Amino acid sequence: MSTASILSLVRADLQAFAGYSSARSSALVGDVWLNANESAWANPADAAGGARRYPDPQPAALRDRLAELYGCSSEQLLIGRGSDEAIDLLVRALCEPGRDAVVTTPPVFGMYAVCARLQNAPLIEVPLVDQGDALVADIDAVIAAALSGNAKLVFLCSPSNPAGSVITLAEIERVATALQGRALVVVDEAYGEYAEQPTATTLLSRYENIAVLRTLSKAHALAAARIGSLIADAALIQLLRRCQAPYPVPAPCAELALAGLGAESLAVTTRRIAQIKAERTRLQSGLAALPGVVRVYPSQGNYLLVRFADAQGAFDALLAAGVVVRDQRAAPQLGDALRITLGSPEQNDRVLAALMARRAAA
């Protein structure tokens with residue numbers, strides 16, 4: 001698939017779109033900056049004056065660091081306001097309203113469907129299959145639905161939220177091969193740091209119609225900084241940059257993210273990921289042993305999906321103990337389920353204690 005071919009997936013009216021050229025888009029040199037209508041003075045609350053100027057739209061140091069972290073080139077990476085902005089950009093840039101469809105695999109992260117709805121892109125849902133011990137994507141059905149439904153985008157969440165299951169690289173390759181020239185396969189790896197398989201970025205050199213979403217919100221503990229990355233073919237990234245809002249990355253957020261990706265911070269993050277994996281095993285076993293727990297699905301994320309005989313009672317018991325979990329009962333196939341994020345060992349102990357106390361009281 002050539003660069004021309006990957007760009008052919010973009011809406012025809014946007015393929016030559018120039019976008020907005022902001023004051024920071026040009027590489028100009030000077031010591032008196034009067035080109036952006038900024039204030040000549042700092043705000044009294046900003047003594048250093050760091051917030052007076054508009055930020056770099058794609059901070060070079062952060063972009064290079066993220067590319068190094070994710071194993072791609074800087075030209076293949078777009079920084080956005082979390083993964084949400086990248087999802088929205090992809091849907092708006094690729095899908096002609098009312099015509100080009102988006103494929104998702106519910107129960108799954110809801111922003112894919114939200115962005116499709118906002119763009120008036122037909123939504124094709126291929127439900128996960130409950131195999132008893134796992135909720136997994138039906139790859140054959142995904143391919144068939146995308147081909148028959150005129151899909152431009154296929155979102156594959158791996159590890160899947162909230163199911164916790166992964167899609168193997170071989171399965172991702174199979175989807176990309178079947179949809180070459182027809183659709184972009186977007187692998188959402190928001191929880192990739194917790195998974196036991198390699199990242200889909202390893203496939204980019206062979207499949208131009210694969211894109212990967214990553215975030216600093218989960219394992220890197222920088223959710224409030226809102227730093228997400230889209231990794232894809234360089235030509236597609238360049239085009240999406242022209243469709244992006246002028247200044248997507250606030251300077252304080254970029255500085256915090258860069259510091260959070262330093263060697264010392266990464267060493268701490270690595271230890272914490274290992275601890276979460278150990279806690280995942282411990283909490284899964286502990287929950288499975290409790291009366292009233294119907295099933296605990298294995299997970300490769302930092303959460304567990306749990307079915308209860310009385311999900312409302314379990315939710316209320318946890319809330320009474322000060323523990324807030326995600327109620328999944330409105331999601332397809334999950335009318336009896338809660339999603340429990342893995343916390344510290346002490347927090348996980350509180351989860352088990354609250355549910356054990358509920359059963360003892362009953």
# chains A, B, ... in the order shown; residues from 1 in each chain; ligands from 1
>>> residues_around(residues="segment 46-57 of chain A", least_positions_apart="2", cutoff="7 Å", atoms="only C-alpha atoms", output="PDB file with all heavy atoms, in the first residue's frame")
ATOM      1  N   ARG A  24       2.731  29.844  15.342  1.00  0.00           N
ATOM      2  CA  ARG A  24       3.844  28.984  15.745  1.00  0.00           C
ATOM      3  C   ARG A  24       4.147  27.913  14.700  1.00  0.00           C
ATOM      4  O   ARG A  24       4.984  27.056  14.921  1.00  0.00           O
ATOM      5  CB  ARG A  24       3.550  28.321  17.095  1.00  0.00           C
ATOM      6  CG  ARG A  24       3.475  29.292  18.267  1.00  0.00           C
ATOM      7  CD  ARG A  24       4.840  29.909  18.583  1.00  0.00           C
ATOM      8  NE  ARG A  24       4.712  30.880  19.661  1.00  0.00           N
ATOM      9  CZ  ARG A  24       4.541  32.181  19.465  1.00  0.00           C
ATOM     10  NH1 ARG A  24       4.492  32.679  18.233  1.00  0.00           N
ATOM     11  NH2 ARG A  24       4.412  33.006  20.484  1.00  0.00           N
ATOM     12  N   GLU A  38      -0.154  38.354  21.109  1.00  0.00           N
ATOM     13  CA  GLU A  38      -0.044  37.978  22.509  1.00  0.00           C
ATOM     14  C   GLU A  38       0.212  39.223  23.359  1.00  0.00           C
ATOM     15  O   GLU A  38       0.590  40.280  22.845  1.00  0.00           O
ATOM     16  CB  GLU A  38       1.113  36.986  22.703  1.00  0.00           C
ATOM     17  CG  GLU A  38       0.953  35.702  21.908  1.00  0.00           C
ATOM     18  CD  GLU A  38       2.282  35.058  21.541  1.00  0.00           C
ATOM     19  OE1 GLU A  38       3.250  35.812  21.299  1.00  0.00           O
ATOM     20  OE2 GLU A  38       2.333  33.815  21.485  1.00  0.00           O
ATOM     21  N   SER A  39       0.027  39.088  24.655  1.00  0.00           N
ATOM     22  CA  SER A  39       0.302  40.199  25.553  1.00  0.00           C
ATOM     23  C   SER A  39       1.809  40.442  25.657  1.00  0.00           C
ATOM     24  O   SER A  39       2.608  39.503  25.651  1.00  0.00           O
ATOM     25  CB  SER A  39      -0.252  39.903  26.948  1.00  0.00           C
ATOM     26  OG  SER A  39       0.171  40.882  27.878  1.00  0.00           O
ATOM     27  N   ALA A  42       3.575  39.534  31.222  1.00  0.00           N
ATOM     28  CA  ALA A  42       3.091  38.300  31.851  1.00  0.00           C
ATOM     29  C   ALA A  42       1.904  38.604  32.758  1.00  0.00           C
ATOM     30  O   ALA A  42       1.780  39.712  33.299  1.00  0.00           O
ATOM     31  CB  ALA A  42       4.216  37.661  32.670  1.00  0.00           C
ATOM     32  N   ASN A  43       1.054  37.630  32.940  1.00  0.00           N
ATOM     33  CA  ASN A  43      -0.022  37.737  33.919  1.00  0.00           C
ATOM     34  C   ASN A  43       0.577  37.798  35.325  1.00  0.00           C
ATOM     35  O   ASN A  43       1.570  37.121  35.601  1.00  0.00           O
ATOM     36  CB  ASN A  43      -0.951  36.522  33.787  1.00  0.00           C
ATOM     37  CG  ASN A  43      -2.149  36.603  34.708  1.00  0.00           C
ATOM     38  OD1 ASN A  43      -2.051  36.377  35.906  1.00  0.00           O
ATOM     39  ND2 ASN A  43      -3.285  36.909  34.123  1.00  0.00           N
ATOM     40  N   PRO A  44       0.027  38.601  36.229  1.00  0.00           N
ATOM     41  CA  PRO A  44       0.582  38.684  37.586  1.00  0.00           C
ATOM     42  C   PRO A  44       0.709  37.332  38.283  1.00  0.00           C
ATOM     43  O   PRO A  44       1.589  37.146  39.130  1.00  0.00           O
ATOM     44  CB  PRO A  44      -0.417  39.590  38.312  1.00  0.00           C
ATOM     45  CG  PRO A  44      -0.997  40.449  37.232  1.00  0.00           C
ATOM     46  CD  PRO A  44      -1.079  39.554  36.028  1.00  0.00           C
ATOM     47  N   PRO A  59       5.288  19.811  20.457  1.00  0.00           N
ATOM     48  CA  PRO A  59       6.589  20.053  21.103  1.00  0.00           C
ATOM     49  C   PRO A  59       7.630  19.030  20.669  1.00  0.00           C
ATOM     50  O   PRO A  59       7.457  17.821  20.880  1.00  0.00           O
ATOM     51  CB  PRO A  59       6.266  19.922  22.592  1.00  0.00           C
ATOM     52  CG  PRO A  59       4.800  20.163  22.690  1.00  0.00           C
ATOM     53  CD  PRO A  59       4.202  19.662  21.424  1.00  0.00           C
ATOM     54  N   PRO A 246      -5.237  24.435  16.447  1.00  0.00           N
ATOM     55  CA  PRO A 246      -3.896  25.042  16.369  1.00  0.00           C
ATOM     56  C   PRO A 246      -2.931  24.700  17.492  1.00  0.00           C
ATOM     57  O   PRO A 246      -1.762  24.448  17.232  1.00  0.00           O
ATOM     58  CB  PRO A 246      -4.214  26.545  16.362  1.00  0.00           C
ATOM     59  CG  PRO A 246      -5.597  26.644  15.817  1.00  0.00           C
ATOM     60  CD  PRO A 246      -6.307  25.423  16.287  1.00  0.00           C
ATOM     61  N   TYR A 247      -3.377  24.714  18.732  1.00  0.00           N
ATOM     62  CA  TYR A 247      -2.441  24.541  19.851  1.00  0.00           C
ATOM     63  C   TYR A 247      -2.942  23.433  20.789  1.00  0.00           C
ATOM     64  O   TYR A 247      -3.462  23.712  21.880  1.00  0.00           O
ATOM     65  CB  TYR A 247      -2.285  25.853  20.621  1.00  0.00           C
ATOM     66  CG  TYR A 247      -1.830  27.000  19.761  1.00  0.00           C
ATOM     67  CD1 TYR A 247      -2.712  28.018  19.402  1.00  0.00           C
ATOM     68  CD2 TYR A 247      -0.519  27.063  19.295  1.00  0.00           C
ATOM     69  CE1 TYR A 247      -2.298  29.079  18.603  1.00  0.00           C
ATOM     70  CE2 TYR A 247      -0.092  28.120  18.490  1.00  0.00           C
ATOM     71  CZ  TYR A 247      -0.990  29.123  18.154  1.00  0.00           C
ATOM     72  OH  TYR A 247      -0.570  30.158  17.369  1.00  0.00           O
ATOM     73  N   PRO A 248      -2.808  22.185  20.400  1.00  0.00           N
ATOM     74  CA  PRO A 248      -3.415  21.089  21.169  1.00  0.00           C
ATOM     75  C   PRO A 248      -2.691  20.721  22.459  1.00  0.00           C
ATOM     76  O   PRO A 248      -3.270  20.048  23.306  1.00  0.00           O
ATOM     77  CB  PRO A 248      -3.378  19.921  20.175  1.00  0.00           C
ATOM     78  CG  PRO A 248      -2.194  20.220  19.306  1.00  0.00           C
ATOM     79  CD  PRO A 248      -2.167  21.712  19.169  1.00  0.00           C
ATOM     80  N   VAL A 249      -1.437  21.131  22.620  1.00  0.00           N
ATOM     81  CA  VAL A 249      -0.645  20.660  23.768  1.00  0.00           C
ATOM     82  C   VAL A 249      -0.222  21.852  24.634  1.00  0.00           C
ATOM     83  O   VAL A 249       0.724  22.574  24.278  1.00  0.00           O
ATOM     84  CB  VAL A 249       0.607  19.885  23.314  1.00  0.00           C
ATOM     85  CG1 VAL A 249       1.299  19.241  24.523  1.00  0.00           C
ATOM     86  CG2 VAL A 249       0.252  18.827  22.280  1.00  0.00           C
ATOM     87  N   PRO A 250      -0.892  22.113  25.754  1.00  0.00           N
ATOM     88  CA  PRO A 250      -0.474  23.201  26.638  1.00  0.00           C
ATOM     89  C   PRO A 250       0.964  22.999  27.111  1.00  0.00           C
ATOM     90  O   PRO A 250       1.371  21.873  27.426  1.00  0.00           O
ATOM     91  CB  PRO A 250      -1.461  23.109  27.808  1.00  0.00           C
ATOM     92  CG  PRO A 250      -2.663  22.416  27.237  1.00  0.00           C
ATOM     93  CD  PRO A 250      -2.114  21.449  26.236  1.00  0.00           C
ATOM     94  N   ALA A 251       1.725  24.095  27.158  1.00  0.00           N
ATOM     95  CA  ALA A 251       3.139  23.997  27.516  1.00  0.00           C
ATOM     96  C   ALA A 251       3.377  23.344  28.880  1.00  0.00           C
ATOM     97  O   ALA A 251       4.270  22.501  29.004  1.00  0.00           O
ATOM     98  CB  ALA A 251       3.778  25.388  27.461  1.00  0.00           C
TER      99      ALA A 251
END
>>> select_by_dssp(residues="segment 79-213 of chain A", states="strand (DSSP E)", output="number ranges by chain")
A: 79-81, 101-104, 123-125, 129-130, 135-136, 151-157, 184-188, 210-213
>>> write_last_selection(atoms="C-alpha atoms", output="PDB file, in the first residue's frame")
ATOM      1  CA  ILE A  79       0.424  14.344  19.999  1.00  0.00           C
ATOM      2  CA  GLY A  80      -3.112  15.191  21.006  1.00  0.00           C
ATOM      3  CA  ARG A  81      -5.349  15.876  23.977  1.00  0.00           C
ATOM      4  CA  ALA A 101     -18.848   3.496   8.552  1.00  0.00           C
ATOM      5  CA  VAL A 102     -16.982   2.887  11.804  1.00  0.00           C
ATOM      6  CA  VAL A 103     -16.636  -0.649  13.191  1.00  0.00           C
ATOM      7  CA  THR A 104     -16.418  -1.260  16.949  1.00  0.00           C
ATOM      8  CA  LEU A 123     -21.785   2.670  13.368  1.00  0.00           C
ATOM      9  CA  ILE A 124     -21.323  -1.070  12.864  1.00  0.00           C
ATOM     10  CA  GLU A 125     -21.093  -3.029  16.104  1.00  0.00           C
ATOM     11  CA  VAL A 129     -18.027 -13.218  22.040  1.00  0.00           C
ATOM     12  CA  ASP A 130     -18.335 -14.586  25.572  1.00  0.00           C
ATOM     13  CA  LEU A 135     -14.823 -11.925  26.121  1.00  0.00           C
ATOM     14  CA  VAL A 136     -13.006 -11.908  22.771  1.00  0.00           C
ATOM     15  CA  ALA A 151     -16.197   0.873   6.757  1.00  0.00           C
ATOM     16  CA  LYS A 152     -13.348   3.369   6.696  1.00  0.00           C
ATOM     17  CA  LEU A 153     -12.283   2.780  10.298  1.00  0.00           C
ATOM     18  CA  VAL A 154     -12.067  -0.361  12.421  1.00  0.00           C
ATOM     19  CA  PHE A 155     -11.296   0.192  16.118  1.00  0.00           C
ATOM     20  CA  LEU A 156      -9.685  -2.756  17.886  1.00  0.00           C
ATOM     21  CA  CYS A 157      -9.175  -2.133  21.592  1.00  0.00           C
ATOM     22  CA  LEU A 184      -7.704   1.942   8.491  1.00  0.00           C
ATOM     23  CA  VAL A 185      -7.316  -0.494  11.399  1.00  0.00           C
ATOM     24  CA  VAL A 186      -6.849   1.468  14.626  1.00  0.00           C
ATOM     25  CA  VAL A 187      -5.414  -0.512  17.533  1.00  0.00           C
ATOM     26  CA  ASP A 188      -6.144   1.214  20.828  1.00  0.00           C
ATOM     27  CA  ILE A 210      -2.604   0.170  10.755  1.00  0.00           C
ATOM     28  CA  ALA A 211      -2.585   2.985  13.302  1.00  0.00           C
ATOM     29  CA  VAL A 212      -1.937   2.730  17.049  1.00  0.00           C
ATOM     30  CA  LEU A 213      -3.268   4.816  19.934  1.00  0.00           C
TER      31      LEU A 213
END
>>> select_by_dssp(residues="segment 255-325 of chain A", states="helix (DSSP H, G or I)", output="VMD selection string")
chain A and resid 255 to 260 263 to 288 311 to 320
>>> write_last_selection(atoms="N, CA and C atoms", output="compact mmCIF listing (two decimals), in the first residue's frame")
# COMPACT_ATOMS: atom_id res chain seq x y z
N GLU A 255 5.69 19.98 29.44
CA GLU A 255 6.84 19.96 30.35
C GLU A 255 6.69 18.85 31.39
N LEU A 256 5.48 18.70 31.93
CA LEU A 256 5.24 17.65 32.91
C LEU A 256 5.43 16.27 32.28
N ALA A 257 4.91 16.10 31.08
CA ALA A 257 5.03 14.81 30.39
C ALA A 257 6.49 14.47 30.12
N LEU A 258 7.24 15.45 29.68
CA LEU A 258 8.65 15.21 29.38
C LEU A 258 9.40 14.80 30.65
N ALA A 259 9.12 15.47 31.76
CA ALA A 259 9.74 15.10 33.03
C ALA A 259 9.30 13.71 33.47
N GLY A 260 8.02 13.39 33.21
CA GLY A 260 7.49 12.08 33.59
C GLY A 260 8.01 10.93 32.77
N ALA A 263 14.41 9.12 32.86
CA ALA A 263 14.89 7.79 33.26
C ALA A 263 14.41 7.40 34.64
N GLU A 264 14.50 8.32 35.61
CA GLU A 264 14.08 7.99 36.98
C GLU A 264 12.60 7.73 37.05
N SER A 265 11.81 8.57 36.39
CA SER A 265 10.35 8.37 36.39
C SER A 265 9.97 7.06 35.72
N LEU A 266 10.62 6.73 34.60
CA LEU A 266 10.31 5.49 33.90
C LEU A 266 10.66 4.26 34.75
N ALA A 267 11.73 4.37 35.53
CA ALA A 267 12.10 3.25 36.41
C ALA A 267 11.01 3.00 37.45
N VAL A 268 10.47 4.08 38.02
CA VAL A 268 9.37 3.95 38.98
C VAL A 268 8.14 3.37 38.30
N THR A 269 7.82 3.87 37.11
CA THR A 269 6.66 3.37 36.37
C THR A 269 6.79 1.88 36.08
N THR A 270 7.97 1.45 35.69
CA THR A 270 8.21 0.02 35.41
C THR A 270 7.94 -0.83 36.65
N ARG A 271 8.40 -0.37 37.80
CA ARG A 271 8.15 -1.12 39.04
C ARG A 271 6.66 -1.16 39.37
N ARG A 272 5.99 -0.07 39.15
CA ARG A 272 4.56 -0.02 39.46
C ARG A 272 3.75 -0.91 38.52
N ILE A 273 4.16 -0.97 37.25
CA ILE A 273 3.47 -1.88 36.32
C ILE A 273 3.60 -3.32 36.79
N ALA A 274 4.80 -3.70 37.22
CA ALA A 274 5.02 -5.06 37.73
C ALA A 274 4.15 -5.31 38.95
N GLN A 275 4.03 -4.32 39.81
CA GLN A 275 3.20 -4.47 41.01
C GLN A 275 1.73 -4.63 40.65
N ILE A 276 1.26 -3.85 39.68
CA ILE A 276 -0.13 -3.96 39.25
C ILE A 276 -0.41 -5.34 38.67
N LYS A 277 0.53 -5.87 37.91
CA LYS A 277 0.34 -7.22 37.36
C LYS A 277 0.23 -8.26 38.47
N ALA A 278 1.07 -8.13 39.49
CA ALA A 278 1.01 -9.06 40.63
C ALA A 278 -0.31 -8.91 41.37
N GLU A 279 -0.75 -7.67 41.56
CA GLU A 279 -2.03 -7.42 42.23
C GLU A 279 -3.20 -7.92 41.40
N ARG A 280 -3.06 -7.84 40.09
CA ARG A 280 -4.11 -8.34 39.20
C ARG A 280 -4.36 -9.83 39.44
N THR A 281 -3.28 -10.58 39.55
CA THR A 281 -3.39 -12.02 39.82
C THR A 281 -3.98 -12.26 41.20
N ARG A 282 -3.51 -11.51 42.18
CA ARG A 282 -3.98 -11.71 43.56
C ARG A 282 -5.46 -11.35 43.70
N LEU A 283 -5.85 -10.21 43.14
CA LEU A 283 -7.24 -9.79 43.29
C LEU A 283 -8.18 -10.69 42.50
N GLN A 284 -7.74 -11.15 41.34
CA GLN A 284 -8.57 -12.07 40.58
C GLN A 284 -8.86 -13.34 41.38
N SER A 285 -7.84 -13.89 42.00
CA SER A 285 -8.02 -15.10 42.82
C SER A 285 -8.91 -14.81 44.03
N GLY A 286 -8.66 -13.67 44.66
CA GLY A 286 -9.44 -13.33 45.85
C GLY A 286 -10.90 -13.12 45.53
N LEU A 287 -11.19 -12.45 44.45
CA LEU A 287 -12.58 -12.21 44.07
C LEU A 287 -13.27 -13.51 43.66
N ALA A 288 -12.57 -14.33 42.90
CA ALA A 288 -13.16 -15.58 42.41
C ALA A 288 -13.57 -16.50 43.56
N ALA A 311 -25.24 -7.62 41.44
CA ALA A 311 -24.29 -6.54 41.14
C ALA A 311 -24.63 -5.26 41.88
N GLN A 312 -25.92 -4.98 42.04
CA GLN A 312 -26.31 -3.77 42.77
C GLN A 312 -25.87 -3.85 44.22
N GLY A 313 -26.06 -5.02 44.84
CA GLY A 313 -25.64 -5.20 46.22
C GLY A 313 -24.14 -5.05 46.38
N ALA A 314 -23.39 -5.60 45.43
CA ALA A 314 -21.93 -5.48 45.49
C ALA A 314 -21.50 -4.03 45.30
N PHE A 315 -22.13 -3.34 44.36
CA PHE A 315 -21.80 -1.93 44.12
C PHE A 315 -22.08 -1.09 45.37
N ASP A 316 -23.25 -1.35 46.00
CA ASP A 316 -23.62 -0.59 47.19
C ASP A 316 -22.68 -0.87 48.35
N ALA A 317 -22.28 -2.14 48.51
CA ALA A 317 -21.38 -2.50 49.60
C ALA A 317 -20.02 -1.83 49.44
N LEU A 318 -19.53 -1.80 48.22
CA LEU A 318 -18.25 -1.14 47.96
C LEU A 318 -18.37 0.36 48.20
N LEU A 319 -19.44 0.96 47.74
CA LEU A 319 -19.63 2.39 47.92
C LEU A 319 -19.74 2.76 49.39
N ALA A 320 -20.43 1.92 50.15
CA ALA A 320 -20.56 2.15 51.59
C ALA A 320 -19.20 2.10 52.28
>>> residues_around(residues="Tyr297 of chain A", least_positions_apart="6", cutoff="8 Å", atoms="only C-alpha atoms", output="list in words")
Asp133, Ala134, Leu135, Ala163, Gly164, Leu304, Leu305 and Val306 of chain A
>>> closest_residue(among="A:Thr201, A:Ser5, A:Ser83, A:Gln180", to="Ala232 of chain A", atoms="only C-alpha atoms")
A:Thr201
>>> residues_around(residues="Leu216 of chain A", least_positions_apart="6", cutoff="10 Å", atoms="only C-alpha atoms", output="PyMOL selection string")
chain A and resi 66+82-83+190-191+222-229+257+260-261
>>> closest_residue(among="A:Gln347, A:Gln238, A:Gln244, A:Ser158", to="Glu75 of chain A", atoms="only C-alpha atoms")
A:Gln238
>>> closest_residue(among="A:Ser217, A:Thr341, A:Thr105, A:Ser148", to="Pro127 of chain A", atoms="only C-alpha atoms")
A:Thr105
>>> closest_residue(among="A:Arg65, A:Leu334, A:Cys115, A:Ala289", to="Leu90 of chain A", atoms="only C-alpha atoms")
A:Cys115
